[in-house]
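Below is one structure, written out as structure tokens; the observations come after it.
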Amino acid sequence: MLALLYRERGYTRAELRGVVPDYQEATTDSGFERMFERDKQELRALGFPIEEVPESLLFEDDATFRYRIPRGSFTLPPLRFTAEETAVLGLAANAWTEASLGTVARRALRKLEPVLEASAVQDEPSPMIQPTVTVQEPAFAPLMEAVLRHRQVRFDYLAASTDEQTHRRLEPWGVGSRFGSWYVTGWDLDRQAERTFRLSRIVSEVRATAQTFEPPAGFSMNDRLDALEASPALGSVAVDVAPGRGQMLRRMASAESLGAGTDGRDRLLVPVTEPERVADEVAAVGPDAFMPSPELADLPEADPLDAELGAADPLEALLQPGQPEPRLQTRVRASVLRRLRGAAQFQQRLRGAEVDWNRPSRRSRRTSTSSSEHLARLLEIVRYVYGHQGVDISEVAEHVEVDVDQVVEDLGLLFVCGRPGHTPDQLIEASWDGGPVNVSNAEEISDPVRLTQPEAAALMIGLQTLRSLPGEQTPAIDSALRKVAEAAGEPATVVDAVGARADTALAAASLEAAGHDEPEPLPEITAWSAAQDPIDSLVDLVRGAIDDRRRVRIQYIVASRDEVTEREIDPLHLTSSNTYWYVIAWCTKAQALREFRLDRVRSALVVGDAEVHEDPASRPQLRPRDPALSAETEIALVTDRRSRWIADQYRATRTAVVELPPLEGVAAEEAAVEEAPAARGRGGRPPVEFEAAQISFTTAEQAFSLVTRYGGQLGALAPPPVVQAGEQWVNTAMAPYLDAADDQESELG
């Protein structure tokens with residue numbers, strides 16, 4: 001980079017090979033070419049435009065090219081963000097809960113610091129409400145890169161209504177979130193039509209090809225998100241739940257009748273918008289939930305003339321509003337049993353399987369991109385120190401989000417970097433003895449650099465998430481979006497390619513907390529009940545408790561243990577993650593910060609004054625968004641490709657390749673159909689099909705719940721007592737369906 005900046009006329013490849021030390025170590029021409037092409041690609045991705053200029057303008061076909069980075073071509077354009085725009089940018093940069101994306105967004109904000117309103121950065125109080133953006137899908141990062149680089153992709157996709165797995169080829173035009181899920185929209189090359197895919201249903205690695213495309217003129221991802229419709233209400237189903245169990249199902253239920261179900265269970269009437277989601281929740285409760293047949297649930301028989309009336313595909317007909325509820329009961333019941341059978345088959349397949357933890361299933365996270373990330377940090381250190389000469393080294397470390405030892409290592413590397421020739425007057429001068437840091441002789445790279453496409457995309461998705469919430473900051477958000485696009489290298493590429501719609505109905509959650517308008521008075525709410533009050537009233541109660549520093553007693557569903565606990569909390573901060581709202585609070589029972597999801601609160605009551613606690617917004621590392629907190633049970637799970645995300649979300653301590661014995665009979669034929677697309681991997685080799693992951697769970701039942709919720713996608717492998725308990729969990733859950741007098745294979749699929 002310094003070489004390409006140093007000489008106005010540029011360097012030929014041969015000259016660069018002679019002046020860049022690492023290139024001199026290449027033993028072959030092909031090795032040098034690979035290194036050079038990689039470096040060009042990474043520099044361009046960091047926002048440095050590399051020009052290729054023919055040495056002879058008269059004979060371009062046979063010309064030798066010179067390479068250079070024109071000075072000033074990579075610097076930020078003349079911009080200025082107002083105080084209001086700076087405030088919403090801060091919210092947008094901190095919206096990401098995924099670590100790597102949050103790092104990208106905050107790095108983008110730091111790049112913009114020279115053009116932000118300084119007083120807003122220094123004086124802005126911590127926002128009371130911080131909408132957040134959560135991405136758990138492994139497909140997000142490669143799809144976003146493909147969208148920004150206009151590359152075709154390939155992946156395996158699981159259809160929602162049929163569970164059919166197909167291989168898809170797509171020109172991805174845009175990525176965005178709505179209804180709490182992430183979607184990609186583009187041109188399906190096999191169907192020759194525009195299609196939208198839900199990222200959570202992509203069950204393979206996303207593979208980008210060398211084929212490029214141009215998105216259609218006027219495309220807007222937000223327009224496509226606005227066109228998506230929420231699932232319609234289809235009716236209700238009956239679910240029988242053991243006393244004191246199935247707390248999330250009880251939270252979803254519209255009615256509850258104690259002891260009125262089969263075998264003395266409580267009968268719940270659960271509204272259905274997505275049959276598969278309800279089936280997930282019922283299956284997750286395992287042996288403590290049972291879906292009776294329409295006859296046992298005292299529902300009328302379905303009309304026998306349905307088939308004559310054109311319902312050729314009963315599953316498709318069932319998904320139309322207004323269909324009789326008995327058919328809905330049968331549909332969801334069959335889906336639950338399919339999950340339980342899948343879980344039982346997977347557990348049986350694991351018998352005798354062994355895992356060699358010395359066979360890692362994933363490549364090291366330190367890929368080739370780590371060199372570009374390192375370069376981005378070095379440049380950030382230079383720019384920051386140039387603007388704050390003599391700054392303490394601990395402040396530099398805090399600014400670039402690494403420890404002091406890493407900054408010392410980076411400064412040592414800068415000290416031996418410089419222009420071609422590498423004489424003392426050509427090297428960057430860096431000193432840090434005693435703490436104060438000074439850097440000089442690096443003027444070429446000391447100016448603010450424009451945003452890269454990923455950096456601009458991260459800020460834009462955060463800003464659009466804010467814009468979808470009610471409030472008075474929309475003009476500031478719109479103008480900030482325009483300026484962020486201008487700060488990017490190719491604004492037209494990213495502006496319409498990303499989108500976000502929070503879809504929240506919580507009118508109380510406004511953006512006035514972003515900064516500068518007085519919040520409107522909140523209604524005086526001191527008590528709330530899930531059975532009687534809408535959830536936006538709970539948000540009002542929590543906001544009032546934060547404002548007035550009040551303590552709240554809540555009844556809270558602990559999903560991992562399927563129980564209701566009573567807590568007294570001092571609310572400190574509200575945050576939203578897609579469609580869910582959380583309160584970060586001091587829990588008097590745990591004597592620590594905890595995060596509570598508001599849709600799991602059953603009741604709330606203001607009981608007194610809160611104590612004074614540190615605001616968690618000022619210390620992001622304290623946000624308890626970690627599923628492994630308070631984990632007590634170590635379990636080895638085996639997952640197939642569809643559920644590999646579990647290892648990431650639950651912070652697996654290690655993973656390894658597992659080979660399972662082949663299935664037999666009908667199950668083997670079904671698996672062969674599902675696994676066929678995997679053979680289209682790189683070099684004809686299928687990707688890792690099964691992976692073992694060592695995970696800490698709060699309770700063993702938390703793992704069993706995953707096994708039945710995602711029936712057929714994972715199972716417990718070790719330790720043996722846990723495996724035995726898991727098999728009993730699955731078989732006990734399935735037994736009532738198989739023992740019921742009305743059970744018929746044709747009805748239950």
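Chains: A, B, ... in order of the structure tokens. Residues: from 1 per chain. Ligands: from 1, in order shown.
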
Write out as a PyMOL selection string the set of residues from range 373-481 of chain A that DSSP, computed on the backbone, places in alpha helix (DSSP H). chain A and resi 373-387+393-400+404-415+453-467+474-481

Give one line per residue of range 211-305 of chain A that approaches range 697-719 of chain A to at most 9 Å, naming the two atoms of the closest pair and their distance in Å to one decimal, counting only C-alpha atoms; sort by chain then ascending residue number and deliver it as JSON lines.
{"residue": "A:Ala279", "atom": "CA", "partner": "A:Arg709", "partner_atom": "CA", "distance": 8.0}
{"residue": "A:Asp280", "atom": "CA", "partner": "A:Arg709", "partner_atom": "CA", "distance": 5.0}
{"residue": "A:Glu281", "atom": "CA", "partner": "A:Arg709", "partner_atom": "CA", "distance": 6.8}
{"residue": "A:Val282", "atom": "CA", "partner": "A:Arg709", "partner_atom": "CA", "distance": 7.9}
{"residue": "A:Ala283", "atom": "CA", "partner": "A:Arg709", "partner_atom": "CA", "distance": 5.1}
{"residue": "A:Ala284", "atom": "CA", "partner": "A:Arg709", "partner_atom": "CA", "distance": 4.5}
{"residue": "A:Val285", "atom": "CA", "partner": "A:Ser705", "partner_atom": "CA", "distance": 6.3}
{"residue": "A:Gly286", "atom": "CA", "partner": "A:Thr708", "partner_atom": "CA", "distance": 6.6}

Can you tell me, as a ChimeraX atom specification, what residues are no more than 12 Å from Ala487 in chain A when counting only C-alpha atoms, ignoring any on the same chain fewer than 2 positions away? /A:47,74-81,108-109,111-112,115,448-453,455-457,459-460,480-485,489-492,494-495

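Nearest to Ile477 in chain A of all the residues A:Thr82, A:Lys40, A:Arg362, A:Met1 is A:Thr82, counting only C-alpha atoms.
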
Separation of CA of Pro326 in chain A and CA of Pro294 in chain A, in Å?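 It comes out at 5.3 Å.
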